[in-house]
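Everything below belongs to target04.tsv, which stores TSV, C-alpha atoms and all ligand atoms.
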```tsv
chain	number	residue	atom	x	y	z
A	1364	MET	CA	-11.22	-6.58	-217.39
A	1365	THR	CA	-8.80	-3.78	-218.21
A	1366	SER	CA	-11.20	-1.17	-216.83
A	1367	THR	CA	-11.75	-2.90	-213.48
A	1368	ALA	CA	-8.19	-4.04	-212.87
A	1369	PRO	CA	-6.76	-0.77	-211.44
A	1370	SER	CA	-9.50	-0.31	-208.83
A	1371	GLU	CA	-9.17	-3.97	-207.80
A	1372	ASN	CA	-5.46	-3.42	-207.37
A	1373	ILE	CA	-6.08	-0.48	-205.11
A	1374	LYS	CA	-8.50	-2.55	-203.04
A	1375	GLU	CA	-5.96	-5.33	-202.71
A	1376	ASP	CA	-3.30	-2.82	-201.70
A	1377	ARG	CA	-5.54	-1.47	-198.97
A	1378	GLU	CA	-6.25	-4.95	-197.64
A	1379	ASP	CA	-2.51	-5.58	-197.56
A	1380	GLN	CA	-2.01	-2.42	-195.53
A	1381	ILE	CA	-4.73	-3.41	-193.10
A	1382	SER	CA	-3.24	-6.87	-192.62
A	1383	PHE	CA	0.12	-5.25	-191.79
A	1384	LYS	CA	-1.34	-3.10	-189.06
A	1385	LEU	CA	0.10	-3.85	-185.65
A	1386	ILE	CA	-2.35	-5.18	-183.09
A	1387	SER	CA	-1.41	-2.31	-180.74
A	1388	GLU	CA	-2.43	0.15	-183.47
A	1389	ILE	CA	-5.75	-1.60	-184.00
A	1390	ILE	CA	-6.55	-1.59	-180.26
A	1391	ARG	CA	-5.37	2.03	-179.87
A	1392	GLU	CA	-7.65	3.14	-182.71
A	1393	ARG	CA	-10.63	1.47	-181.03
A	1394	ILE	CA	-9.91	3.28	-177.77
A	1395	ILE	CA	-9.43	6.65	-179.47
A	1396	SER	CA	-12.58	6.31	-181.57
A	1397	ASP	CA	-14.48	5.70	-178.30
A	1398	ASN	CA	-12.88	8.83	-176.78
A	1399	ALA	CA	-11.63	6.67	-173.92
A	1400	ARG	CA	-8.49	7.23	-171.86
A	1401	PHE	CA	-5.56	4.82	-171.92
A	1402	HIS	CA	-3.17	6.14	-169.35
A	1403	ALA	CA	-0.78	3.70	-167.67
A	1404	ASN	CA	-3.19	3.08	-164.78
A	1405	ASP	CA	-6.34	2.65	-166.91
A	1406	ASN	CA	-7.93	-0.69	-167.71
A	1407	ILE	CA	-8.43	-1.24	-171.45
A	1408	ALA	CA	-9.84	-4.78	-171.41
A	1409	ASP	CA	-13.07	-3.70	-173.14
A	1410	TYR	CA	-11.09	-2.84	-176.28
A	1411	ILE	CA	-9.18	-6.11	-176.56
A	1412	TYR	CA	-11.02	-8.87	-178.37
A	1413	PRO	CA	-10.57	-12.62	-177.74
A	1414	GLY	CA	-7.26	-13.91	-179.09
A	1415	GLU	CA	-5.68	-10.47	-179.42
A	1416	LEU	CA	-3.65	-10.57	-176.20
A	1417	GLU	CA	-1.57	-13.44	-177.57
A	1418	ILE	CA	-0.79	-11.35	-180.67
A	1419	LEU	CA	0.00	-8.33	-178.50
A	1420	GLU	CA	2.34	-10.50	-176.44
A	1421	LYS	CA	4.36	-11.24	-179.59
A	1422	GLU	CA	4.47	-7.58	-180.58
A	1423	VAL	CA	5.65	-6.49	-177.12
A	1424	ALA	CA	8.31	-9.23	-177.14
A	1425	SER	CA	9.70	-7.93	-180.42
A	1426	ARG	CA	9.90	-4.40	-178.96
A	1427	VAL	CA	11.65	-5.67	-175.81
A	1428	ARG	CA	14.06	-7.55	-178.08
A	1429	ASP	CA	14.81	-4.23	-179.82
A	1430	LEU	CA	15.37	-2.60	-176.43
A	1431	LEU	CA	17.85	-5.28	-175.38
A	1432	LYS	CA	19.67	-4.98	-178.69
A	1433	THR	CA	19.79	-1.20	-178.33
A	1434	LEU	CA	21.29	-1.68	-174.88
A	1435	LEU	CA	24.00	-3.60	-176.77
A	1436	ILE	CA	23.24	-6.95	-175.20
A	1437	ASP	CA	24.18	-9.82	-177.48
A	1438	ILE	CA	20.91	-11.72	-177.19
A	1439	ASP	CA	21.95	-14.16	-179.92
A	1440	LYS	CA	25.01	-15.42	-178.06
A	1441	ASP	CA	24.16	-14.65	-174.42
A	1442	HIS	CA	22.23	-17.74	-173.34
A	1443	ASN	CA	20.88	-15.85	-170.27
A	1444	THR	CA	19.00	-13.29	-172.35
A	1445	GLN	CA	17.91	-15.34	-175.35
A	1446	GLU	CA	14.31	-15.70	-174.10
A	1447	THR	CA	14.23	-12.57	-171.97
A	1448	ALA	CA	12.10	-10.56	-174.40
A	1449	GLU	CA	9.37	-13.22	-174.41
A	1450	ARG	CA	9.52	-13.56	-170.62
A	1451	VAL	CA	9.29	-9.80	-170.05
A	1452	SER	CA	6.38	-9.50	-172.45
A	1453	ARG	CA	4.45	-12.33	-170.77
A	1454	MET	CA	5.22	-10.85	-167.35
A	1455	TYR	CA	3.97	-7.38	-168.29
A	1456	ILE	CA	0.78	-8.51	-169.96
A	1457	ASN	CA	-0.25	-11.47	-167.81
A	1458	GLU	CA	1.24	-10.67	-164.43
A	1459	VAL	CA	2.54	-7.31	-163.29
A	1460	PHE	CA	0.34	-5.17	-165.58
A	1461	LYS	CA	-2.56	-7.59	-165.91
A	1462	GLY	CA	-4.86	-5.01	-164.33
A	1463	ARG	CA	-4.67	-3.04	-167.60
A	1464	PHE	CA	-5.39	-5.90	-169.99
A	1465	TYR	CA	-7.78	-8.19	-168.10
A	1466	GLU	CA	-11.30	-7.55	-166.85
A	1467	GLN	CA	-11.99	-7.10	-163.17
A	1468	PRO	CA	-12.22	-10.44	-161.32
A	1469	LYS	CA	-15.84	-11.48	-160.78
A	1470	VAL	CA	-17.13	-10.10	-157.49
A	1471	THR	CA	-20.58	-11.11	-156.31
A	1472	SER	CA	-22.26	-8.78	-153.86
A	1473	PHE	CA	-24.97	-9.80	-151.44
A	1474	PRO	CA	-27.77	-7.76	-149.89
A	1475	ASN	CA	-26.98	-6.54	-146.37
A	1476	ASP	CA	-30.07	-8.32	-144.95
A	1477	LYS	CA	-29.07	-7.92	-141.31
A	1478	ASN	CA	-28.41	-4.21	-141.78
A	1479	LEU	CA	-24.86	-4.54	-140.43
A	1480	ASP	CA	-23.54	-1.07	-139.79
A	1481	GLU	CA	-20.49	-1.67	-137.57
A	1482	ILE	CA	-17.24	-0.82	-139.26
A	1483	TYR	CA	-14.67	-3.48	-140.04
A	1484	THR	CA	-11.20	-3.41	-141.56
A	1485	VAL	CA	-9.40	-5.87	-143.83
A	1486	GLY	CA	-5.63	-5.98	-143.95
A	1487	PRO	CA	-2.82	-6.06	-144.44
A	1488	ILE	CA	-3.43	-6.91	-148.09
A	1489	THR	CA	-0.15	-7.11	-150.01
A	1490	VAL	CA	-0.12	-4.76	-152.98
A	1491	ARG	CA	2.34	-4.94	-155.84
A	1492	SER	CA	2.65	-2.30	-158.50
A	1493	ALA	CA	5.23	-0.45	-160.55
A	1494	CYS	CA	5.84	3.28	-160.64
A	1495	SER	CA	4.65	4.94	-163.84
A	1496	HIS	CA	7.85	6.96	-164.03
A	1497	HIS	CA	10.47	4.19	-164.01
A	1498	LEU	CA	8.49	0.94	-164.22
A	1499	VAL	CA	10.22	-0.43	-161.13
A	1500	PRO	CA	8.33	-2.14	-158.28
A	1501	ILE	CA	6.19	-0.58	-155.61
A	1502	LEU	CA	5.53	-3.10	-152.83
A	1503	GLY	CA	3.40	-2.52	-149.81
A	1504	ASP	CA	0.39	-3.19	-147.64
A	1505	CYS	CA	-3.14	-1.95	-147.90
A	1506	TRP	CA	-5.90	-1.73	-145.30
A	1507	ILE	CA	-9.53	-1.26	-146.22
A	1508	GLY	CA	-12.21	-0.14	-143.77
A	1509	ILE	CA	-15.89	-0.43	-144.50
A	1510	LYS	CA	-19.09	0.80	-142.91
A	1511	PRO	CA	-21.53	-1.39	-144.80
A	1512	GLY	CA	-24.32	0.00	-146.93
A	1513	LYS	CA	-26.98	-1.96	-148.80
A	1514	LYS	CA	-24.53	-4.50	-150.23
A	1515	VAL	CA	-21.69	-6.61	-148.86
A	1516	ILE	CA	-18.90	-8.55	-150.58
A	1517	GLY	CA	-16.69	-11.39	-149.32
A	1518	LEU	CA	-13.47	-10.45	-147.53
A	1519	SER	CA	-11.21	-12.19	-150.05
A	1520	LYS	CA	-12.73	-10.07	-152.81
A	1521	PHE	CA	-11.07	-6.94	-151.44
A	1522	ALA	CA	-7.68	-8.59	-151.98
A	1523	ARG	CA	-8.61	-9.63	-155.52
A	1524	VAL	CA	-9.81	-6.18	-156.52
A	1525	ALA	CA	-6.77	-4.53	-154.90
A	1526	ASP	CA	-4.46	-6.87	-156.81
A	1527	TRP	CA	-6.26	-6.08	-160.07
A	1528	VAL	CA	-6.11	-2.30	-159.51
A	1529	PHE	CA	-2.47	-2.27	-158.39
A	1530	SER	CA	-1.26	-4.51	-161.23
A	1531	ARG	CA	-0.73	-1.49	-163.47
A	1532	PRO	CA	1.92	1.22	-163.62
A	1533	HIS	CA	0.86	3.78	-161.01
A	1534	ILE	CA	1.63	6.62	-158.78
A	1535	GLN	CA	0.54	5.59	-155.29
A	1536	GLU	CA	-1.86	8.49	-154.72
A	1537	GLU	CA	-3.90	7.63	-157.82
A	1538	ALA	CA	-3.83	3.88	-157.13
A	1539	VAL	CA	-5.59	4.44	-153.81
A	1540	MET	CA	-8.24	6.65	-155.43
A	1541	ILE	CA	-8.91	4.11	-158.19
A	1542	LEU	CA	-9.23	1.30	-155.65
A	1543	ALA	CA	-11.67	3.42	-153.63
A	1544	ASP	CA	-13.77	4.06	-156.76
A	1545	GLU	CA	-13.93	0.34	-157.56
A	1546	ILE	CA	-14.91	-0.67	-154.02
A	1547	GLU	CA	-17.58	2.02	-153.86
A	1548	ARG	CA	-18.98	0.74	-157.13
A	1549	LEU	CA	-19.01	-2.88	-155.93
A	1550	CYS	CA	-20.58	-2.58	-152.48
A	1551	GLU	CA	-21.76	1.03	-152.08
A	1552	PRO	CA	-20.58	1.34	-148.47
A	1553	LYS	CA	-21.83	4.10	-146.16
A	1554	GLY	CA	-18.22	4.75	-145.26
A	1555	LEU	CA	-14.93	3.74	-146.83
A	1556	GLY	CA	-11.33	4.21	-145.77
A	1557	ILE	CA	-8.18	2.94	-147.46
A	1558	ILE	CA	-4.60	3.22	-146.28
A	1559	VAL	CA	-1.59	2.13	-148.31
A	1560	LYS	CA	1.95	1.94	-146.98
A	1561	ALA	CA	4.45	1.10	-149.68
A	1562	GLN	CA	8.09	1.13	-150.56
A	1563	HIS	CA	9.11	2.46	-153.93
A	1564	TYR	CA	12.03	0.83	-155.66
A	1565	CYS	CA	12.67	3.99	-157.63
A	1566	MET	CA	13.85	5.35	-154.26
A	1567	LYS	CA	15.49	2.15	-152.97
A	1568	TRP	CA	17.23	0.85	-156.08
A	1569	ARG	CA	18.05	4.07	-157.90
A	1570	GLY	CA	17.82	7.83	-157.39
A	1571	VAL	CA	18.37	8.76	-153.74
A	1572	LYS	CA	18.81	5.08	-152.78
A	1573	GLU	CA	16.98	5.35	-149.48
A	1574	PRO	CA	16.28	1.73	-148.58
A	1575	ASP	CA	13.87	2.25	-145.69
A	1576	THR	CA	11.69	5.14	-146.81
A	1577	SER	CA	8.05	4.32	-147.31
A	1578	MET	CA	5.05	6.32	-148.41
A	1579	ILE	CA	1.76	6.20	-146.58
A	1580	ASN	CA	-1.40	7.68	-147.99
A	1581	SER	CA	-5.07	7.30	-147.32
A	1582	VAL	CA	-8.47	8.12	-148.67
A	1583	VAL	CA	-11.66	8.40	-146.62
A	1584	ARG	CA	-15.12	8.69	-148.07
A	1585	GLY	CA	-18.74	8.90	-146.95
A	1586	ASP	CA	-19.31	8.64	-143.17
A	1587	PHE	CA	-15.56	8.20	-142.57
A	1588	ARG	CA	-15.08	11.64	-143.98
A	1589	HIS	CA	-17.90	13.38	-142.14
A	1590	ASP	CA	-17.71	11.61	-138.77
A	1591	SER	CA	-14.35	12.19	-137.11
A	1592	SER	CA	-14.91	9.54	-134.38
A	1593	LEU	CA	-15.59	6.92	-137.06
A	1594	LYS	CA	-12.48	7.99	-138.92
A	1595	GLN	CA	-10.47	7.67	-135.68
A	1596	GLU	CA	-11.92	4.20	-135.09
A	1597	PHE	CA	-10.82	3.18	-138.58
A	1598	PHE	CA	-7.26	4.41	-138.06
A	1599	GLU	CA	-7.10	2.74	-134.63
A	1600	LEU	CA	-8.25	-0.63	-136.03
A	1601	VAL	CA	-5.63	-0.39	-138.77
A	1602	ARG	CA	-2.97	0.52	-136.22
A	1603	GLN	CA	-3.77	-2.69	-134.36
A	1604	GLN	CA	-3.65	-4.73	-137.55
A	1605	SER	CA	-0.43	-3.12	-138.76
A	1606	ASN	CA	1.41	-3.84	-135.49
A	1607	SER	CA	1.55	-7.43	-136.59
A	1608	ALA	CA	2.29	-6.51	-140.21
A	1609	LYS	CA	5.52	-7.50	-141.87
A	1610	ASN	CA	8.23	-5.03	-142.75
A	1611	TYR	CA	9.61	-4.67	-146.27
B	1701	ZN	ZN	9.69	5.92	-160.15
```

Output the structure of this file as structure tokens.
Ligand SMILES: [Zn+2]
Amino acid sequence: MTSTAPSENIKEDREDQISFKLISEIIRERIISDNARFHANDNIADYIYPGELEILEKEVASRVRDLLKTLLIDIDKDHNTQETAERVSRMYINEVFKGRFYEQPKVTSFPNDKNLDEIYTVGPITVRSACSHHLVPILGDCWIGIKPGKKVIGLSKFARVADWVFSRPHIQEEAVMILADEIERLCEPKGLGIIVKAQHYCMKWRGVKEPDTSMINSVVRGDFRHDSSLKQEFFELVRQQSNSAKNY
């Protein structure tokens, strides 16, 4: 008994340390050991096991509580901010940054039996994101143009995938590229064009405080890139759709 006791103690100590590991540390270690990237606009759902998001939600809430305290807000006495940490944590994980923590919504593709090859555009699709630099909102519209390939997906699916991609901290240029990658993967179009027009609250609310400035960027791939008349047709269709679009 005396000879085995020390090593058992060490083992117990180690188990104690493991049980005190934060869930964010456990998930981060899984990602790193897989040599995967976890930038702000990456999806990390594969590394989060069932039940862990709820634990992460608690950890994030405690960090937000620390932030509020450090900002010298009396969260114990101020009834307006007593539950703010929990609300912010839930909002980040399950709403505005859900595209990091949740898997892509299920998208079923169908064979393009009729060999449709006319281009079509979908939009405006409302996109909501946050800038990676300040974590304040980016709100805008997105138009997607497709020249179908072997597979087609339902129109509403474009909005679902766009929402999932944009619900992460981003810079707009990369958001559009990531959305293009996902759509190419889902329906392998012969041509793809995406335009995003968005307003950035880091310019409206802070910084230069320019309330009406927006940023427009686009990506064109496949036939849209090689065939200038097709590209023109795409931009013309979007122009028609955007004439009726709302202003932010
Ligand atoms: Zn910003």

**Request:** For A:Ile1557, please output as a VMD selection string all residues within 9 Å (counting all atoms listed in the file; exclusion window: fewer than 3 positions along the same chain).
**Result:** chain A and resid 1505 to 1509 1539 to 1540 1542 to 1543 1580 to 1583

Enclose the full set of atoms of stretch 1475-1478 of chain A listed in the file within a box whose edges lie along x, y and z, apply 5 Å of padding to each of the six sides, and report centre and edge lengths in Å to one decimal as AutoDock Vina command-line options.
```
--center_x -28.5 --center_y -6.3 --center_z -143.8 --size_x 13.1 --size_y 14.1 --size_z 15.1
```

**Asked** Hey, which of A:Ile1534, A:Val1451, A:Ala1522, A:Val1528 ends up closest to ligand ZN 1701 (chain B)? Count only C-alpha atoms and all ligand atoms.
**Response** A:Ile1534

**Request:** Collect all residues with atoms no farther than 10 Å from ligand ZN 1701 (chain B), counting only C-alpha atoms and all ligand atoms, and output them as a ChimeraX atom specification.
**Result:** /A:1493-1501,1532-1534,1563-1570

**Asked** What lies within 8 Å of stretch 1592-1599 of chain A using all atoms listed in the file, ignoring chain neighbours under 5 positions off, as a ChimeraX atom specification?
**Response** /A:1482-1484,1508,1556,1583,1586-1587

Those same residues - C-alpha atoms - I'd like them written as a PDB file, keeping the file's coordinate frame.
```pdb
ATOM      1  CA  ILE A1482     -17.240  -0.820-139.260  1.00  0.00           C
ATOM      2  CA  TYR A1483     -14.670  -3.480-140.040  1.00  0.00           C
ATOM      3  CA  THR A1484     -11.200  -3.410-141.560  1.00  0.00           C
ATOM      4  CA  GLY A1508     -12.210  -0.140-143.770  1.00  0.00           C
ATOM      5  CA  GLY A1556     -11.330   4.210-145.770  1.00  0.00           C
ATOM      6  CA  VAL A1583     -11.660   8.400-146.620  1.00  0.00           C
ATOM      7  CA  ASP A1586     -19.310   8.640-143.170  1.00  0.00           C
ATOM      8  CA  PHE A1587     -15.560   8.200-142.570  1.00  0.00           C
TER       9      PHE A1587
END
```

**Prompt:** Taking (-20.5, 1.4, -150.9) in the file's coordinates as the center, which residues reach within 9 Å of it, counting all atoms listed in the file, put as number ranges by chain?
**Reply:** A: 1509-1515, 1546-1555, 1585

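Take atom CA of A:Lys1520 and atom CA of A:Val1470: the distance between them is 6.4 Å.
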
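In this structure, atom CA of A:Asn1404 sits 22.7 Å away from atom CA of A:Ser1519.
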
**Item:** A:Ala1408, A:Asn1443, A:Ser1452, A:Gly1503 ranked by distance to A:Arg1426, top pick (using only C-alpha atoms)
**Value:** A:Ser1452

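Comparing A:Gly1486, A:Phe1460, A:Met1454, A:Val1524 by their smallest distance to A:Ile1541, the closest is A:Val1524 (using all atoms listed in the file).
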
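Atom pair atom CA of A:Arg1453 / atom CA of A:Pro1574: separated by 28.8 Å.
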
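Nearest to A:Val1427 of all the residues A:Ala1448, A:Ile1389, A:Val1571, A:Ile1579 is A:Ala1448, counting all atoms listed in the file.
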
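Distances to A:Val1423 were evaluated for A:Tyr1410, A:Leu1385, A:His1442, A:Glu1458 using all atoms listed in the file, and the minimum falls at A:Leu1385.
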
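Closest approach to A:Arg1450 from the set A:Lys1421, A:Lys1384, A:Arg1391, A:Lys1432 is made by A:Lys1421, with distances taken over only C-alpha atoms.
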